[in-house]
>>> print(open('structure14.txt').read())   # compact mmCIF, C-alpha atoms
# COMPACT_ATOMS: atom_id res chain seq x y z
CA MET A 1 22.89 19.11 -98.04
CA SER A 2 22.79 22.43 -99.70
CA GLY A 3 25.62 24.83 -99.65
CA HIS A 4 24.13 26.32 -96.50
CA ASP A 5 26.69 26.88 -93.82
CA PHE A 6 25.35 26.44 -90.28
CA HIS A 7 26.22 28.70 -87.40
CA PRO A 8 29.06 27.28 -85.30
CA LEU A 9 26.68 26.76 -82.38
CA VAL A 10 24.29 24.84 -84.63
CA LYS A 11 27.23 22.68 -85.74
CA GLN A 12 27.95 21.98 -82.08
CA LEU A 13 24.30 20.99 -81.75
CA LEU A 14 24.64 18.59 -84.67
CA ASP A 15 27.77 17.19 -83.12
CA GLY A 16 25.88 16.56 -79.90
CA ASP A 17 28.03 18.91 -77.92
CA ILE A 18 25.07 21.07 -76.88
CA THR A 19 21.31 20.70 -76.82
CA LEU A 20 18.65 22.71 -78.57
CA ALA A 21 17.93 24.45 -75.27
CA ASP A 22 21.48 25.71 -75.16
CA LEU A 23 21.05 27.61 -78.40
CA PRO A 24 20.21 31.27 -78.27
CA SER A 25 16.61 31.88 -79.26
CA GLU A 26 17.60 33.43 -82.61
CA LEU A 27 19.33 30.22 -83.57
CA ARG A 28 16.74 27.72 -82.45
CA VAL A 29 14.85 27.71 -85.75
CA GLU A 30 18.06 27.06 -87.60
CA GLY A 31 18.95 24.38 -85.06
CA GLU A 32 15.61 22.63 -85.47
CA ALA A 33 15.98 22.70 -89.24
CA ALA A 34 19.43 21.21 -88.99
CA LEU A 35 18.20 18.42 -86.73
CA ARG A 36 15.42 17.62 -89.16
CA LEU A 37 17.88 17.35 -91.97
CA LEU A 38 20.04 15.05 -89.88
CA ALA A 39 17.09 12.86 -89.02
CA ALA A 40 16.20 12.58 -92.71
CA VAL A 41 19.51 10.95 -93.55
CA ASP A 42 18.98 7.41 -94.88
CA ARG A 43 20.80 5.10 -92.45
CA THR A 44 19.93 1.86 -94.11
CA GLU A 45 22.88 -0.45 -94.82
CA ILE A 46 24.45 0.18 -98.14
CA SER A 47 24.88 -2.94 -100.29
CA MET A 48 27.49 -3.12 -103.02
CA PRO A 49 26.30 -3.82 -106.49
CA ALA A 50 27.00 -7.33 -107.78
CA VAL A 51 29.62 -6.08 -110.20
CA THR A 52 31.52 -4.58 -107.30
CA TRP A 53 31.47 -7.91 -105.48
CA ARG A 54 32.77 -9.65 -108.55
CA VAL A 55 35.59 -7.12 -108.86
CA MET A 56 36.45 -7.47 -105.19
CA ALA A 57 36.33 -11.25 -105.37
CA THR A 58 38.64 -11.24 -108.37
CA LEU A 59 41.06 -8.98 -106.57
CA GLU A 60 40.99 -11.30 -103.57
CA ARG A 61 41.66 -14.35 -105.74
CA ARG A 62 44.58 -12.56 -107.35
CA ARG A 63 45.88 -11.52 -103.96
CA ARG A 64 45.72 -15.14 -102.81
CA ARG A 65 47.30 -16.37 -106.02
CA PHE A 66 50.22 -13.96 -105.80
CA LEU A 67 50.65 -14.25 -102.05
CA PRO A 68 52.84 -17.39 -102.31
CA TRP A 69 54.95 -15.71 -104.98
CA LEU A 70 55.40 -12.75 -102.70
CA LEU A 71 56.05 -15.05 -99.77
CA ALA A 72 58.36 -17.44 -101.63
CA PRO A 73 61.26 -15.02 -102.04
CA ALA A 74 61.07 -14.15 -98.38
CA LEU A 75 61.10 -17.82 -97.44
CA ALA A 76 63.82 -18.48 -99.99
CA ILE A 77 65.98 -15.74 -98.55
CA ALA A 78 65.40 -17.15 -95.10
CA ALA A 79 66.38 -20.62 -96.32
CA ALA A 80 69.43 -19.20 -98.03
CA LEU A 81 70.46 -17.45 -94.85
CA VAL A 82 70.12 -20.72 -92.99
CA ILE A 83 72.39 -22.35 -95.55
CA LEU A 84 74.88 -19.50 -95.52
CA LEU A 85 74.99 -19.11 -91.79
CA ARG A 86 74.77 -22.74 -90.79
CA PRO A 87 77.72 -23.90 -88.73
CA THR A 88 80.22 -25.73 -90.86
CA ALA A 89 80.32 -29.39 -89.96
CA PRO A 90 83.82 -30.42 -88.98
CA ALA A 91 85.50 -32.53 -91.61
CA PRO A 92 85.96 -36.14 -90.60
CA THR A 93 89.36 -36.48 -89.07
CA ALA A 94 91.65 -38.83 -90.93
CA ALA A 95 93.54 -41.31 -88.85
CA LEU A 96 97.15 -40.36 -88.29
CA VAL A 97 99.99 -42.72 -88.99
CA THR A 98 103.59 -42.34 -87.89
CA VAL A 99 106.09 -43.06 -90.63
CA ARG A 100 109.87 -43.11 -90.57
CA PHE A 101 111.67 -42.04 -93.72
CA VAL A 102 115.20 -43.24 -94.28
CA LEU A 103 117.76 -42.40 -96.93
CA VAL A 104 121.35 -43.56 -97.02
CA ALA A 105 123.38 -40.75 -98.52
CA PRO A 106 126.90 -40.67 -97.08
CA ASP A 107 128.06 -37.79 -99.23
CA ALA A 108 125.08 -35.54 -98.71
CA LYS A 109 125.45 -32.29 -96.81
CA GLN A 110 121.74 -32.01 -96.19
CA VAL A 111 118.65 -34.01 -97.02
CA SER A 112 115.03 -32.96 -96.81
CA LEU A 113 111.67 -34.38 -97.68
CA ALA A 114 109.19 -32.77 -100.06
CA GLY A 115 105.82 -34.15 -100.97
CA THR A 116 102.11 -33.73 -101.12
CA PHE A 117 102.02 -33.53 -97.33
CA ASN A 118 104.11 -30.34 -97.18
CA GLN A 119 103.17 -28.64 -100.45
CA TRP A 120 106.39 -29.95 -102.01
CA ASP A 121 108.37 -27.48 -99.95
CA ALA A 122 111.96 -28.71 -99.79
CA HIS A 123 112.82 -26.49 -96.84
CA VAL A 124 110.34 -27.45 -94.14
CA THR A 125 111.04 -31.15 -93.47
CA PRO A 126 114.75 -31.83 -93.04
CA LEU A 127 116.12 -35.28 -92.34
CA VAL A 128 118.62 -35.77 -89.56
CA ARG A 129 121.90 -37.56 -90.08
CA THR A 130 122.29 -40.37 -87.60
CA GLY A 131 125.88 -41.22 -86.78
CA ALA A 132 128.67 -41.31 -89.26
CA THR A 133 127.12 -43.92 -91.55
CA GLY A 134 125.37 -41.49 -93.82
CA VAL A 135 121.88 -42.61 -92.78
CA TRP A 136 119.41 -39.76 -92.83
CA THR A 137 116.05 -40.15 -91.11
CA ALA A 138 112.87 -38.24 -90.40
CA THR A 139 109.80 -39.40 -88.55
CA LEU A 140 106.50 -37.81 -89.54
CA THR A 141 102.91 -38.25 -88.48
CA LEU A 142 100.78 -38.18 -91.61
CA PRO A 143 97.07 -38.51 -92.23
CA ALA A 144 95.90 -41.84 -93.61
CA GLY A 145 95.60 -41.71 -97.35
CA GLN A 146 97.99 -41.50 -100.19
CA HIS A 147 101.11 -39.37 -100.35
CA GLN A 148 103.75 -38.81 -102.98
CA TYR A 149 107.17 -37.55 -102.07
CA ALA A 150 110.85 -37.39 -102.89
CA PHE A 151 114.05 -36.69 -101.02
CA VAL A 152 115.86 -33.47 -101.85
CA VAL A 153 119.61 -33.92 -101.50
CA ASP A 154 121.70 -30.82 -100.93
CA GLY A 155 118.77 -28.68 -101.95
CA VAL A 156 119.04 -29.47 -105.65
CA ARG A 157 118.75 -33.20 -106.38
CA TRP A 158 115.30 -34.76 -106.24
CA VAL A 159 115.72 -38.43 -105.40
CA PRO A 160 112.95 -41.03 -105.10
CA ASP A 161 112.94 -43.28 -102.07
CA PRO A 162 114.80 -46.45 -103.10
CA GLY A 163 112.73 -48.51 -100.69
CA ALA A 164 109.28 -47.42 -101.86
CA PRO A 165 107.19 -47.87 -105.00
CA ALA A 166 107.38 -44.96 -107.41
CA VAL A 167 105.34 -43.45 -110.22
CA ASP A 168 106.08 -41.08 -113.06
CA ASP A 169 105.79 -37.52 -111.81
CA GLY A 170 104.92 -36.12 -115.24
CA PHE A 171 108.17 -34.16 -115.40
CA GLY A 172 110.56 -36.93 -116.32
CA ARG A 173 111.28 -37.96 -112.74
CA ARG A 174 109.78 -40.42 -110.27
CA ASN A 175 107.75 -39.77 -107.15
CA SER A 176 107.76 -42.25 -104.32
CA VAL A 177 104.36 -43.43 -103.14
CA LEU A 178 103.19 -43.96 -99.61
CA THR A 179 99.75 -45.49 -99.12
CA LEU A 180 98.54 -45.40 -95.52
CA MET B 1 58.03 -23.19 -104.93
CA ILE B 2 60.54 -22.80 -107.73
CA ALA B 3 61.77 -19.57 -106.25
CA LEU B 4 61.90 -21.26 -102.87
CA LEU B 5 64.36 -23.81 -104.17
CA ALA B 6 66.20 -21.82 -106.78
CA LEU B 7 67.30 -18.88 -104.70
CA PRO B 8 69.14 -20.80 -101.98
CA LEU B 9 70.84 -22.94 -104.59
CA THR B 10 71.83 -19.86 -106.50
CA LEU B 11 73.18 -18.24 -103.38
CA LEU B 12 74.98 -21.42 -102.43
CA THR B 13 76.58 -21.45 -105.84
CA LEU B 14 77.59 -17.85 -105.41
CA GLN B 15 78.95 -18.66 -101.98
CA GLN B 16 81.24 -21.42 -103.23
CA PRO B 17 81.89 -20.89 -106.91
CA ALA B 18 83.48 -23.78 -108.73
CA GLY B 19 87.20 -23.58 -108.30
CA ALA B 20 86.96 -21.15 -105.41
CA GLY B 21 90.12 -20.95 -103.37
CA ILE B 22 92.50 -22.03 -106.12
CA PRO B 23 94.13 -18.59 -106.53
CA GLN B 24 94.72 -18.37 -102.79
CA ARG B 25 96.36 -21.79 -102.72
CA LEU B 26 98.57 -20.94 -105.67
CA ALA B 27 99.41 -17.41 -104.58
CA GLY B 28 103.14 -16.82 -104.56
CA ARG B 29 103.86 -20.33 -105.79
CA VAL B 30 103.21 -20.27 -109.52
CA SER B 31 103.28 -17.69 -112.29
CA PRO B 32 100.08 -15.77 -113.05
CA ALA B 33 99.75 -17.53 -116.40
CA LEU B 34 100.04 -20.99 -114.87
CA GLY B 35 97.74 -19.93 -112.06
CA SER B 36 95.12 -18.84 -114.59
CA LEU B 37 95.35 -22.17 -116.35
CA VAL B 38 94.91 -24.09 -113.12
CA VAL B 39 91.93 -21.91 -112.16
CA GLU B 40 90.39 -22.54 -115.57
CA LEU B 41 90.95 -26.30 -115.44
CA GLY B 42 89.97 -26.47 -111.78
CA THR B 43 86.76 -24.54 -112.29
CA ALA B 44 85.76 -26.80 -115.17
CA ALA B 45 86.75 -29.90 -113.21
CA SER B 46 84.84 -28.83 -110.14
CA ALA B 47 81.75 -28.17 -112.25
CA ARG B 48 81.98 -31.78 -113.44
CA GLY B 49 82.28 -33.09 -109.89
CA LEU B 50 85.98 -33.79 -110.17
CA PRO B 51 88.51 -33.05 -107.43
CA ILE B 52 90.73 -30.01 -107.87
CA ASP B 53 93.47 -30.91 -105.40
CA PRO B 54 95.42 -33.08 -107.86
CA LEU B 55 95.57 -30.17 -110.30
CA ILE B 56 96.78 -27.72 -107.68
CA GLU B 57 99.29 -30.17 -106.25
CA LYS B 58 100.74 -30.98 -109.67
CA ALA B 59 101.24 -27.29 -110.44
CA ILE B 60 102.89 -26.65 -107.08
CA GLU B 61 105.04 -29.78 -107.45
CA GLY B 62 106.26 -28.79 -110.88
CA ILE B 63 107.26 -25.29 -109.86
CA ALA B 64 108.89 -26.59 -106.66
CA LYS B 65 110.99 -28.94 -108.77
CA GLY B 66 112.09 -26.12 -111.03
CA VAL B 67 110.23 -27.43 -114.06
CA PRO B 68 109.50 -24.87 -116.83
CA ALA B 69 105.97 -23.50 -116.64
CA GLU B 70 105.02 -24.84 -120.09
CA ARG B 71 105.86 -28.35 -119.02
CA VAL B 72 104.01 -27.93 -115.75
CA ALA B 73 100.97 -26.77 -117.70
CA THR B 74 101.15 -29.91 -119.85
CA ALA B 75 101.35 -32.09 -116.74
CA VAL B 76 98.39 -30.33 -115.13
CA ARG B 77 96.34 -30.82 -118.31
CA LEU B 78 97.25 -34.50 -118.26
CA VAL B 79 96.03 -34.79 -114.68
CA ALA B 80 92.73 -33.17 -115.69
CA THR B 81 92.34 -35.68 -118.49
CA GLN B 82 93.12 -38.57 -116.16
CA LEU B 83 90.55 -37.32 -113.66
CA ASP B 84 87.93 -37.40 -116.41
CA THR B 85 89.00 -40.89 -117.41
CA ALA B 86 88.85 -42.12 -113.82
CA ALA B 87 85.42 -40.58 -113.23
CA ALA B 88 84.04 -42.11 -116.43
CA ALA B 89 85.50 -45.51 -115.57
CA LEU B 90 83.98 -45.43 -112.10
CA ARG B 91 80.59 -44.46 -113.51
CA GLU B 92 80.81 -47.29 -115.99
CA GLY B 93 81.47 -49.64 -113.10
CA GLY B 94 78.32 -48.46 -111.38
CA ALA B 95 80.02 -46.42 -108.68
CA VAL B 96 78.57 -43.09 -107.60
CA ALA B 97 82.05 -41.75 -107.20
CA ASP B 98 83.02 -38.93 -104.88
CA THR B 99 86.12 -36.82 -105.31
CA LEU B 100 88.25 -39.11 -103.16
CA GLU B 101 87.46 -42.12 -105.33
CA ILE B 102 88.10 -40.16 -108.50
CA ALA B 103 91.44 -38.88 -107.17
CA ALA B 104 92.36 -42.44 -106.21
CA GLY B 105 91.40 -43.57 -109.70
CA GLU B 106 93.54 -40.83 -111.21
CA PHE B 107 96.49 -42.04 -109.16
CA ALA B 108 95.89 -45.61 -110.37
CA ILE B 109 96.02 -44.35 -113.96
CA THR B 110 99.23 -42.45 -113.23
CA ALA B 111 100.66 -45.69 -111.87
CA GLY B 112 99.88 -47.49 -115.11
CA LEU B 113 96.38 -48.90 -114.81
CA SER B 114 93.67 -48.23 -117.38
CA GLY B 115 90.10 -47.04 -117.25
CA SER B 116 88.88 -50.60 -117.73
CA ASP B 117 90.96 -51.70 -114.74
CA ILE B 118 89.22 -49.06 -112.63
CA THR B 119 85.85 -50.14 -113.96
CA ALA B 120 86.64 -53.71 -112.95
CA LEU B 121 87.36 -52.63 -109.39
CA ALA B 122 84.20 -50.53 -109.27
CA ARG B 123 82.19 -53.57 -110.36
CA THR B 124 83.19 -55.43 -107.20
CA GLY B 125 80.42 -53.46 -105.52
CA ALA B 126 82.73 -52.34 -102.73
CA ASN B 127 81.57 -49.38 -100.70
CA ALA B 128 83.06 -45.96 -101.39
CA GLN B 129 85.66 -46.12 -98.65
CA ALA B 130 86.84 -49.61 -99.56
CA LEU B 131 86.88 -48.77 -103.25
CA THR B 132 88.97 -45.66 -102.59
CA VAL B 133 91.50 -47.69 -100.64
CA GLY B 134 91.36 -50.43 -103.27
CA LEU B 135 92.18 -47.97 -106.04
CA ARG B 136 95.10 -46.54 -104.08
CA VAL B 137 96.43 -50.01 -103.33
CA ALA B 138 96.00 -51.10 -106.95
CA GLY B 139 98.01 -48.07 -108.04
CA THR B 140 100.68 -48.83 -105.47
CA LEU B 141 100.90 -52.44 -106.64
CA ALA B 142 101.27 -51.22 -110.22
CA ALA B 143 104.07 -48.95 -109.03
CA LEU B 144 105.71 -52.03 -107.53
CA GLY B 145 105.67 -53.70 -110.93
CA VAL B 146 102.62 -55.93 -110.58
CA PRO B 147 101.05 -56.32 -114.05
CA PRO B 148 97.48 -54.98 -114.39
CA ALA B 149 95.81 -58.38 -114.70
CA GLU B 150 97.35 -59.75 -111.50
CA ASP B 151 96.98 -56.38 -109.78
CA ILE B 152 93.24 -56.09 -110.44
CA GLY B 153 92.77 -59.80 -109.73
CA LEU B 154 94.36 -59.43 -106.30
CA VAL B 155 92.58 -56.23 -105.28
CA SER B 156 89.21 -57.43 -106.62
CA ALA B 157 89.51 -60.73 -104.76
CA THR B 158 90.45 -58.92 -101.57
CA LEU B 159 87.55 -56.48 -101.90
CA ARG B 160 85.10 -59.32 -102.56
CA SER B 161 86.42 -61.37 -99.67
CA GLY B 162 85.28 -58.71 -97.25
CA GLU B 163 88.73 -58.00 -95.92
CA SER B 164 89.10 -54.73 -94.05
CA SER B 165 90.76 -51.63 -95.47
CA ALA B 166 93.68 -52.30 -93.13
CA ASP B 167 94.18 -55.67 -94.80
CA LEU B 168 93.99 -54.04 -98.22
CA LEU B 169 96.66 -51.58 -97.20
CA LEU B 170 98.99 -54.42 -96.28
CA LEU B 171 98.92 -55.93 -99.79
CA PRO B 172 101.87 -53.90 -101.15
CA ALA B 173 104.00 -54.93 -98.15
CA HIS B 174 102.98 -58.56 -98.70
CA VAL B 175 103.95 -58.35 -102.36
CA GLN B 176 107.27 -56.71 -101.47
CA SER B 177 107.88 -59.45 -98.93
CA GLU B 178 107.20 -62.19 -101.49
CA VAL B 179 109.36 -60.46 -104.09
CA ALA B 180 112.18 -60.31 -101.55
CA LYS B 181 111.93 -64.11 -101.39
CA GLY B 182 112.63 -64.33 -105.07
CA VAL B 183 109.30 -64.44 -106.92
CA THR B 184 108.19 -61.91 -109.49
CA PRO B 185 105.64 -59.23 -108.59
CA ALA B 186 103.12 -61.00 -110.85
CA GLN B 187 103.66 -64.34 -109.10
CA ALA B 188 103.43 -62.72 -105.70
CA ALA B 189 100.16 -60.99 -106.57
CA ALA B 190 98.69 -64.14 -108.12
CA GLY B 191 99.50 -66.16 -105.01
CA LEU B 192 97.96 -63.57 -102.74
CA ALA B 193 94.88 -63.39 -104.99
CA ARG B 194 94.35 -67.14 -104.71
CA ALA B 195 94.57 -66.85 -100.94
CA ALA B 196 92.10 -63.98 -100.91
CA ALA B 197 89.68 -65.87 -103.16
CA ALA B 198 89.83 -68.85 -100.83
CA GLN B 199 89.23 -66.54 -97.91
CA GLY B 200 86.25 -65.10 -99.77
CA GLN B 201 84.73 -68.55 -100.28
CA HIS B 202 85.04 -69.45 -96.61
CA GLY B 203 84.42 -65.99 -95.27
CA PRO B 204 86.62 -64.11 -92.89
CA PRO B 205 87.51 -65.72 -89.59
CA PRO B 206 84.93 -65.06 -86.89
CA THR B 207 87.38 -63.10 -84.78
CA HIS B 208 88.36 -60.92 -87.69
CA PRO B 209 88.01 -57.28 -86.65
CA GLN B 210 85.74 -55.53 -89.13
CA HIS B 211 86.79 -52.04 -88.21
CA ALA B 212 90.30 -52.51 -87.04
CA PRO B 213 92.33 -49.31 -86.99
CA ALA B 214 94.91 -49.04 -89.67
CA PRO B 215 98.12 -50.51 -88.29
CA LEU B 216 101.41 -48.73 -88.43
CA PRO B 217 103.14 -49.49 -91.67
CA PRO B 218 105.97 -51.94 -91.48
CA PRO B 219 109.33 -50.45 -90.61
CA HIS B 220 110.77 -48.64 -93.53
CA PRO B 221 113.30 -50.93 -95.17
CA PRO B 222 116.82 -49.58 -95.11
CA ALA B 223 117.65 -48.02 -98.40
CA PRO B 224 120.81 -48.81 -100.27
CA PRO B 225 123.49 -46.16 -100.22
CA HIS B 226 122.66 -43.24 -102.38
CA PRO B 227 124.93 -43.10 -105.40
>>> encode(input="structure14.txt", output="structure tokens")
Amino acid sequence: MSGHDFHPLVKQLLDGDITLADLPSELRVEGEAALRLLAAVDRTEISMPAVTWRVMATLERRRRRFLPWLLAPALAIAAALVILLRPTAPAPTAALVTVRFVLVAPDAKQVSLAGTFNQWDAHVTPLVRTGATGVWTATLTLPAGQHQYAFVVDGVRWVPDPGAPAVDDGFGRRNSVLTL
Amino acid sequence: MIALLALPLTLLTLQQPAGAGIPQRLAGRVSPALGSLVVELGTAASARGLPIDPLIEKAIEGIAKGVPAERVATAVRLVATQLDTAAAALREGGAVADTLEIAAGEFAITAGLSGSDITALARTGANAQALTVGLRVAGTLAALGVPPAEDIGLVSATLRSGESSADLLLLPAHVQSEVAKGVTPAQAAAGLARAAAAQGQHGPPPTHPQHAPAPLPPPHPPAPPHP
């Protein structure tokens, strides 16, 4: 095409909006010329040069090669989300065993039990004095396993259970051992 | 594929960093300095597949008993060392030990057994649950005064005989019962080991429950008057 600018009606003709007969007579010559030019356009299929195909093929191979690497993070994130959001399996429940603790301490004002089962808290598991004989008892339900403990007499004296095996506590005292 | 595997593992590691939760469990119970030490030891222990509960419990125990922090720190370090010893002994015995077995092994060491004793128990080929109970029972027997040789002999024979965990748990009471009759702990354990070995040769009785629930422990013996 040259730099020639067609009349708007001729452009409508080229667009197929109107026919040659619709053009005013003074524009028909221009319209015919425009149609000739349009008919002269080469409409044969354009084929890409071989080098272009090679470039395109290389790009496609690279796309395919990098696709898994682009996909992998997405899949990895999905897998991670599955791990992070998966429902936590309930821990197996340990069997519970009822145990009675006994200490004979006639002179004690109060006795409690501290051990691995109550975070060594001397205030949460008191023993009860039964009668006037100085026998202090507590009955606990503990999970099966191993527990270490000691009696705490009057809030200050840590006393191992005389009726149970005991091990060194690492601080110069003894811890009683309960294996259930 | 590497990214596929690495990212979830990385995120999982970030989700549960080694030693996670230690500060929360120690909050308000121990000094910041002792807490930092326990976090440090616990993080390293967890990274090596060791349990952290014994470290936390020892720190809490020490402070609850009014022990100076420096001494508590020493005790916690000792526990960490014993956990390593127990884990190594179990590995040497061919056990793929979990944290429960290692903690049980650490207790056995506290009670006076050695790494080689633990290895000997691991070499019985007992399953993880039985080995865990066996280690706890061996430690308890040691605490009762049974010498290591008789202790390991008894527990090994019982493990090999196919006795249930409930039967294993009764061994300390049996030893105490025999001692009450006038024999030494070593003699009591040796006698029980011979019985277990004989049981192992003939197999357990046909009516023996393989998965019997753990029975209630025997009634707590009355303690002598507290001085």
>>> closest_atom_pairs(input="structure14.txt", of="range 152-179 of chain A", to="range 102-124 of chain A", cutoff="12 Å", atoms="all atoms listed in the file", output="CSV")
residue,atom,partner,partner_atom,distance
A:Val152,CA,A:Ser112,CA,5.1
A:Val153,CA,A:Val111,CA,4.6
A:Asp154,CA,A:Gln110,CA,4.9
A:Gly155,CA,A:Ala122,CA,7.1
A:Val156,CA,A:Ala122,CA,9.2
A:Arg157,CA,A:Val111,CA,9.4
A:Trp158,CA,A:Ala114,CA,8.9
A:Val159,CA,A:Leu103,CA,9.6
A:Pro160,CA,A:Leu103,CA,9.6
A:Asp161,CA,A:Leu103,CA,7.1
A:Pro162,CA,A:Leu103,CA,8.0
A:Gly163,CA,A:Val102,CA,8.7
A:Ala164,CA,A:Val102,CA,10.5
A:Asp169,CA,A:Gly115,CA,11.4
A:Arg174,CA,A:Gly115,CA,11.9
A:Asn175,CA,A:Gly115,CA,8.6
A:Ser176,CA,A:Gly115,CA,9.0
A:Val177,CA,A:Gly115,CA,9.6
A:Leu178,CA,A:Gly115,CA,10.2
>>> closest_residue(input="structure14.txt", among="B:Leu171, B:Leu34, B:Leu50, B:Val155", to="chain A", atoms="all atoms listed in the file")
B:Leu171
>>> residues_around(input="structure14.txt", residues="range 195-197 of chain B", least_positions_apart="6", cutoff="7 Å", atoms="all atoms listed in the file", output="ChimeraX atom specification")
/B:157-158,161
>>> closest_residue(input="structure14.txt", among="A:Arg173, A:Arg28, A:Arg100, A:His147", to="chain B", atoms="only C-alpha atoms")
A:Arg100
>>> residues_around(input="structure14.txt", residues="Gln12 in chain A", least_positions_apart="6", cutoff="10 Å", atoms="only C-alpha atoms", output="MDAnalysis selection string")
chainID A and resid 6 18:20 23 31
>>> write_last_selection(input="structure14.txt", atoms="C-alpha atoms", output="PDB file, keeping the file's coordinate frame")
ATOM      1  CA  PHE A   6      25.350  26.440 -90.280  1.00  0.00           C
ATOM      2  CA  ILE A  18      25.070  21.070 -76.880  1.00  0.00           C
ATOM      3  CA  THR A  19      21.310  20.700 -76.820  1.00  0.00           C
ATOM      4  CA  LEU A  20      18.650  22.710 -78.570  1.00  0.00           C
ATOM      5  CA  LEU A  23      21.050  27.610 -78.400  1.00  0.00           C
ATOM      6  CA  GLY A  31      18.950  24.380 -85.060  1.00  0.00           C
TER       7      GLY A  31
END
>>> atom_distance(input="structure14.txt", atom1="CA of Ala27 in chain B", atom2="CA of Ile60 in chain B")
10.2 Å
>>> residues_near_point(input="structure14.txt", point="(17.7, 21.5, -88.2)", cutoff="12 Å", atoms="all atoms listed in the file", output="VMD selection string")
chain A and resid 1 4 to 7 9 to 14 19 to 20 27 to 41
>>> atom_distance(input="structure14.txt", atom1="CA of Gly62 in chain B", atom2="CA of Val76 in chain B")
9.1 Å
>>> atom_distance(input="structure14.txt", atom1="CA of Phe171 in chain A", atom2="CA of Val97 in chain A")
28.9 Å
>>> residues_near_point(input="structure14.txt", point="(102.7, -56.3, -99.2)", cutoff="10 Å", atoms="all atoms listed in the file", output="PyMOL selection string")
chain B and resi 137+140-141+144+167-179+188-189+192+218
>>> closest_residue(input="structure14.txt", among="B:Gly93, B:Gly145, B:Pro23, B:Pro32", to="chain A", atoms="all atoms listed in the file")
B:Gly145
>>> residues_around(input="structure14.txt", residues="Val72 in chain B", least_positions_apart="2", cutoff="10 Å", atoms="all atoms listed in the file", output="mmCIF file with C-alpha atoms, in the coordinates of the input")
data_model
loop_
_atom_site.group_PDB
_atom_site.id
_atom_site.type_symbol
_atom_site.label_atom_id
_atom_site.label_comp_id
_atom_site.auth_asym_id
_atom_site.auth_seq_id
_atom_site.Cartn_x
_atom_site.Cartn_y
_atom_site.Cartn_z
ATOM 1 C CA GLY A 170 104.920 -36.120 -115.240
ATOM 2 C CA PHE A 171 108.170 -34.160 -115.400
ATOM 3 C CA VAL B 30 103.210 -20.270 -109.520
ATOM 4 C CA LEU B 34 100.040 -20.990 -114.870
ATOM 5 C CA LYS B 58 100.740 -30.980 -109.670
ATOM 6 C CA ALA B 59 101.240 -27.290 -110.440
ATOM 7 C CA ILE B 60 102.890 -26.650 -107.080
ATOM 8 C CA GLU B 61 105.040 -29.780 -107.450
ATOM 9 C CA GLY B 62 106.260 -28.790 -110.880
ATOM 10 C CA ILE B 63 107.260 -25.290 -109.860
ATOM 11 C CA LYS B 65 110.990 -28.940 -108.770
ATOM 12 C CA GLY B 66 112.090 -26.120 -111.030
ATOM 13 C CA VAL B 67 110.230 -27.430 -114.060
ATOM 14 C CA PRO B 68 109.500 -24.870 -116.830
ATOM 15 C CA ALA B 69 105.970 -23.500 -116.640
ATOM 16 C CA GLU B 70 105.020 -24.840 -120.090
ATOM 17 C CA THR B 74 101.150 -29.910 -119.850
ATOM 18 C CA ALA B 75 101.350 -32.090 -116.740
ATOM 19 C CA VAL B 76 98.390 -30.330 -115.130
ATOM 20 C CA ARG B 77 96.340 -30.820 -118.310
ATOM 21 C CA LEU B 78 97.250 -34.500 -118.260
#
>>> closest_residue(input="structure14.txt", among="B:Gly139, B:Gly94, B:Gly153, B:Gly191", to="chain A", atoms="all atoms listed in the file")
B:Gly139
>>> closest_residue(input="structure14.txt", among="A:Ala132, A:Leu142, A:Ala95, A:Leu59", to="chain B", atoms="all atoms listed in the file")
A:Ala95
>>> closest_residue(input="structure14.txt", among="B:Ala47, B:Ala149, B:Ala138, B:Ala126", to="chain A", atoms="only C-alpha atoms")
B:Ala138
>>> residues_around(input="structure14.txt", residues="Leu100 in chain B", least_positions_apart="5", cutoff="10 Å", atoms="only C-alpha atoms", output="list in words")
Gly145 of chain A; Leu50, Pro51, Asp53, Gly105, Glu106, Ala128, Gln129, Leu131, Thr132 and Val133 of chain B
